[in-house]
Structures are given as structure tokens and as C-alpha cells.
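Visitor: I'd like to ask you about the structure that follows.
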Amino acid sequence: MICFKFVLTLLLNISLVRTLKVSDLDEHDYDCMKLLNLTVDFVMDGFNRYNFLTVGDSELNEFVSCSWSKAGYLTGGSKIDANKIKVWMHENLVKKTPDAKVTAEDLVEPCRDVTGRDSGDTVVKVYNCMMTIWWQSRW
């Protein structure tokens, strides 16, 4: 019985995967794509099916640094504005998932002090940290 419940839970969670869509991109993203001469396909390919960002891609790091800076989530070089990220995560993830088991605060607080080699690497690591917590809460 336990095995059946695990498999059923796994299948339900896989079917509930919300992959990033082009319509999820906002004006900051398009501004940064234009500034950095990147394509929508490049940006979309930077996310896997579970919405984790590719680690170690310098062009993607530049893009996410630019986008988060323009959105106000990244200030003073590579300092994360946790309060703005909480609002963003609540509005764009938690609120849109009726059966969410975590709050935006649960996602952001453990990740707020994560740092990388530069601002883009920091964004990727913070974002992937939040996605890890999100998916752990779903299993």
C-alpha cells in the first residue's frame, strides 16, 4: 500500500509541474534580452522542466542579473531584496498554486543569504534554492 501511495503521489506531482511559459516573461526580461542580444529561446532553455535555472552559464547569469536588477530584486550589485522577492514568489507561485504547502516566506528566508561568484551566479543560486524548497514541499 505504501508503494502505491508513493507512486500515486509521484505521478500527481509530475502532472502538476508548471513549466515556465513565454507568457511568464515580463518587460524587464524583454529589455534584458534586447540589451544582451539574447533570444527568447535561449532564455526559455535556461529553465528545466521543474523551473530550475542552468548553473554555470555566463550569458544566462548576465540575463538573470539584469532582469532581477531591473525588477528591483537585486540591489547594490549583488544584494538580494528579500521582501520584494517574497511578494514576487507569493504573487507568481504560491498564490497560483491552490494546494501550496509553503508560504513565500518559507521559500525566501532560507535562501536570502545565499551568494555566488557574481550577481548573476547569486541570482541563479538563490532562485534554485527557492525552487528546491518548493519541490521538497510538493513531495
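Following the order of the C-alpha cells, chains are lettered A, B, ..., residues in each are numbered from 1, and ligands are numbered from 1.
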Once DSSP has gone over the backbone, tell me which residues of chain A are in alpha helix (DSSP H), as a ChimeraX atom specification.
Guide: /A:2-15,27-36,40-45,58-71,82-89,104-108,119-138
Visitor: Name all residues at most 9 Å from Val43 in chain A (count only C-alpha atoms; drop same-chain ones fewer than 4 positions away) and give them as a PyMOL selection string.
Guide: chain A and resi 29+33+38-39+47+60+63
Visitor: Which one of A:Leu35, A:Ser137, A:Val126, A:His28 sits closest to Gly72 in chain A if you count only C-alpha atoms?
Guide: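 Among A:Leu35, A:Ser137, A:Val126, A:His28, it is A:His28 that comes nearest to Gly72 in chain A.
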Visitor: Can you measure CA of Leu107 in chain A to CA of Trp135 in chain A for me? One decimal in Å is fine.
Guide: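 For CA of Leu107 in chain A relative to CA of Trp135 in chain A, the distance reads 10.3 Å.
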Visitor: Find, counting only C-alpha atoms, the residue in A:Lys70, A:Lys86, A:Lys79, A:Arg138 that gets nearest to Asp99 in chain A.
Guide: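 Comparing A:Lys70, A:Lys86, A:Lys79, A:Arg138 against Asp99 in chain A, the winner is A:Arg138.
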Visitor: Work out how far apart CA of Asp45 in chain A and CA of Leu25 in chain A are and give it in Å to one decimal.
Guide: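 A separation of 12.9 Å between them.
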Visitor: Extract, using only C-alpha atoms, all DNA, RNA and protein residues at most 12 Å from Ala71 in chain A, discarding same-chain residues fewer than 3 positions from it, and format them as a list in words.
Guide: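 Near Ala71 in chain A, the qualifying residues are Leu25, Asp26, Glu27, His28, Asp29, Tyr30, Asp31, Cys32, Val64, Ser65, Cys66, Ser67, Trp68, Leu74, Thr75, Ile80, Asp81, Lys84, Ile85, Val87 and Trp88 of chain A.
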Visitor: Point out the residue among A:Val40, A:Thr132, A:Val114, A:Val55 with the least atom-to-atom distance to Asp24 in chain A, counting only C-alpha atoms.
Guide: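 Closest to Asp24 in chain A, using only C-alpha atoms: A:Val40.
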Visitor: Any chance you could list, as a ChimeraX atom specification, the residues in range 14-87 of chain A that come up strand (DSSP E) when DSSP is run on the backbone?
Guide: /A:74-75,79-80
Visitor: With N, CA, C and O atoms retained, could you export that selection as a short mmCIF file (atom, residue, chain, number, x, y, z; two decimals), in the first residue's frame?
Guide:
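Done, and the output landed in out21.cif:
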```cif
data_model
loop_
_atom_site.label_atom_id
_atom_site.label_comp_id
_atom_site.auth_asym_id
_atom_site.auth_seq_id
_atom_site.Cartn_x
_atom_site.Cartn_y
_atom_site.Cartn_z
N LEU A 74 17.31 42.69 -6.99
CA LEU A 74 18.76 42.69 -6.78
C LEU A 74 19.18 44.15 -6.70
O LEU A 74 18.94 44.92 -7.62
N THR A 75 19.78 44.52 -5.59
CA THR A 75 20.18 45.91 -5.41
C THR A 75 21.64 45.98 -4.98
O THR A 75 22.18 45.00 -4.47
N LYS A 79 23.19 42.31 -3.88
CA LYS A 79 22.40 42.16 -2.66
C LYS A 79 20.95 41.86 -3.03
O LYS A 79 20.34 42.55 -3.83
N ILE A 80 20.42 40.82 -2.44
CA ILE A 80 19.05 40.38 -2.69
C ILE A 80 18.08 41.18 -1.82
O ILE A 80 18.31 41.35 -0.63
#
```
Visitor: Could you list, as a PDB file with all heavy atoms, in the first residue's frame, every residue within 9 Å of Asn61 in chain A, counting only C-alpha atoms and ignoring same-chain residues fewer than 5 positions away?
Guide:
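And here is the file that came out, part-v1.pdb:
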```pdb
ATOM      1  N   THR A  54      19.757  26.863 -15.254  1.00  0.00           N
ATOM      2  CA  THR A  54      21.023  26.234 -15.587  1.00  0.00           C
ATOM      3  C   THR A  54      22.142  26.919 -14.808  1.00  0.00           C
ATOM      4  O   THR A  54      22.226  28.149 -14.776  1.00  0.00           O
ATOM      5  CB  THR A  54      21.298  26.359 -17.100  1.00  0.00           C
ATOM      6  OG1 THR A  54      20.219  25.758 -17.805  1.00  0.00           O
ATOM      7  CG2 THR A  54      22.602  25.700 -17.487  1.00  0.00           C
ATOM      8  N   VAL A  55      22.978  26.135 -14.183  1.00  0.00           N
ATOM      9  CA  VAL A  55      24.099  26.652 -13.393  1.00  0.00           C
ATOM     10  C   VAL A  55      25.340  26.762 -14.285  1.00  0.00           C
ATOM     11  O   VAL A  55      25.598  25.897 -15.106  1.00  0.00           O
ATOM     12  CB  VAL A  55      24.391  25.707 -12.204  1.00  0.00           C
ATOM     13  CG1 VAL A  55      25.617  26.151 -11.432  1.00  0.00           C
ATOM     14  CG2 VAL A  55      23.181  25.611 -11.290  1.00  0.00           C
ATOM     15  N   GLY A  56      26.090  27.848 -14.125  1.00  0.00           N
ATOM     16  CA  GLY A  56      27.376  27.983 -14.782  1.00  0.00           C
ATOM     17  C   GLY A  56      27.355  28.557 -16.185  1.00  0.00           C
ATOM     18  O   GLY A  56      28.372  28.540 -16.865  1.00  0.00           O
ATOM     19  N   CYS A  66      20.542  41.052 -14.858  1.00  0.00           N
ATOM     20  CA  CYS A  66      19.902  42.217 -15.477  1.00  0.00           C
ATOM     21  C   CYS A  66      18.414  42.263 -15.130  1.00  0.00           C
ATOM     22  O   CYS A  66      17.893  43.288 -14.675  1.00  0.00           O
ATOM     23  CB  CYS A  66      20.096  42.155 -16.997  1.00  0.00           C
ATOM     24  SG  CYS A  66      19.258  43.461 -17.926  1.00  0.00           S
ATOM     25  N   ASP A 118      29.318  36.100  -8.543  1.00  0.00           N
ATOM     26  CA  ASP A 118      28.940  37.432  -9.025  1.00  0.00           C
ATOM     27  C   ASP A 118      27.424  37.547  -8.905  1.00  0.00           C
ATOM     28  O   ASP A 118      26.764  36.611  -8.432  1.00  0.00           O
ATOM     29  CB  ASP A 118      29.419  37.652 -10.470  1.00  0.00           C
ATOM     30  CG  ASP A 118      28.943  36.570 -11.425  1.00  0.00           C
ATOM     31  OD1 ASP A 118      27.790  36.095 -11.297  1.00  0.00           O
ATOM     32  OD2 ASP A 118      29.720  36.186 -12.320  1.00  0.00           O
ATOM     33  N   SER A 119      26.876  38.680  -9.332  1.00  0.00           N
ATOM     34  CA  SER A 119      25.441  38.893  -9.139  1.00  0.00           C
ATOM     35  C   SER A 119      24.588  37.861  -9.869  1.00  0.00           C
ATOM     36  O   SER A 119      23.596  37.367  -9.328  1.00  0.00           O
ATOM     37  CB  SER A 119      25.044  40.310  -9.557  1.00  0.00           C
ATOM     38  OG  SER A 119      25.329  40.528 -10.921  1.00  0.00           O
ATOM     39  N   GLY A 120      24.973  37.497 -11.098  1.00  0.00           N
ATOM     40  CA  GLY A 120      24.200  36.510 -11.849  1.00  0.00           C
ATOM     41  C   GLY A 120      24.238  35.134 -11.209  1.00  0.00           C
ATOM     42  O   GLY A 120      23.212  34.451 -11.116  1.00  0.00           O
ATOM     43  N   ASP A 121      25.410  34.736 -10.760  1.00  0.00           N
ATOM     44  CA  ASP A 121      25.553  33.444 -10.091  1.00  0.00           C
ATOM     45  C   ASP A 121      24.756  33.441  -8.788  1.00  0.00           C
ATOM     46  O   ASP A 121      24.139  32.434  -8.434  1.00  0.00           O
ATOM     47  CB  ASP A 121      27.036  33.161  -9.835  1.00  0.00           C
ATOM     48  CG  ASP A 121      27.300  31.744  -9.382  1.00  0.00           C
ATOM     49  OD1 ASP A 121      26.772  30.803 -10.016  1.00  0.00           O
ATOM     50  OD2 ASP A 121      28.059  31.567  -8.407  1.00  0.00           O
ATOM     51  N   THR A 122      24.737  34.582  -8.092  1.00  0.00           N
ATOM     52  CA  THR A 122      23.941  34.698  -6.870  1.00  0.00           C
ATOM     53  C   THR A 122      22.467  34.512  -7.178  1.00  0.00           C
ATOM     54  O   THR A 122      21.765  33.769  -6.489  1.00  0.00           O
ATOM     55  CB  THR A 122      24.183  36.063  -6.182  1.00  0.00           C
ATOM     56  OG1 THR A 122      25.548  36.124  -5.760  1.00  0.00           O
ATOM     57  CG2 THR A 122      23.268  36.265  -4.984  1.00  0.00           C
ATOM     58  N   VAL A 123      21.968  35.173  -8.227  1.00  0.00           N
ATOM     59  CA  VAL A 123      20.551  35.040  -8.598  1.00  0.00           C
ATOM     60  C   VAL A 123      20.222  33.579  -8.892  1.00  0.00           C
ATOM     61  O   VAL A 123      19.216  33.054  -8.408  1.00  0.00           O
ATOM     62  CB  VAL A 123      20.197  35.936  -9.797  1.00  0.00           C
ATOM     63  CG1 VAL A 123      18.803  35.614 -10.332  1.00  0.00           C
ATOM     64  CG2 VAL A 123      20.285  37.402  -9.421  1.00  0.00           C
ATOM     65  N   VAL A 124      21.040  32.928  -9.690  1.00  0.00           N
ATOM     66  CA  VAL A 124      20.787  31.523 -10.045  1.00  0.00           C
ATOM     67  C   VAL A 124      20.741  30.666  -8.781  1.00  0.00           C
ATOM     68  O   VAL A 124      19.829  29.847  -8.601  1.00  0.00           O
ATOM     69  CB  VAL A 124      21.849  30.994 -11.036  1.00  0.00           C
ATOM     70  CG1 VAL A 124      21.761  29.478 -11.189  1.00  0.00           C
ATOM     71  CG2 VAL A 124      21.699  31.678 -12.394  1.00  0.00           C
TER      72      VAL A 124
END
```
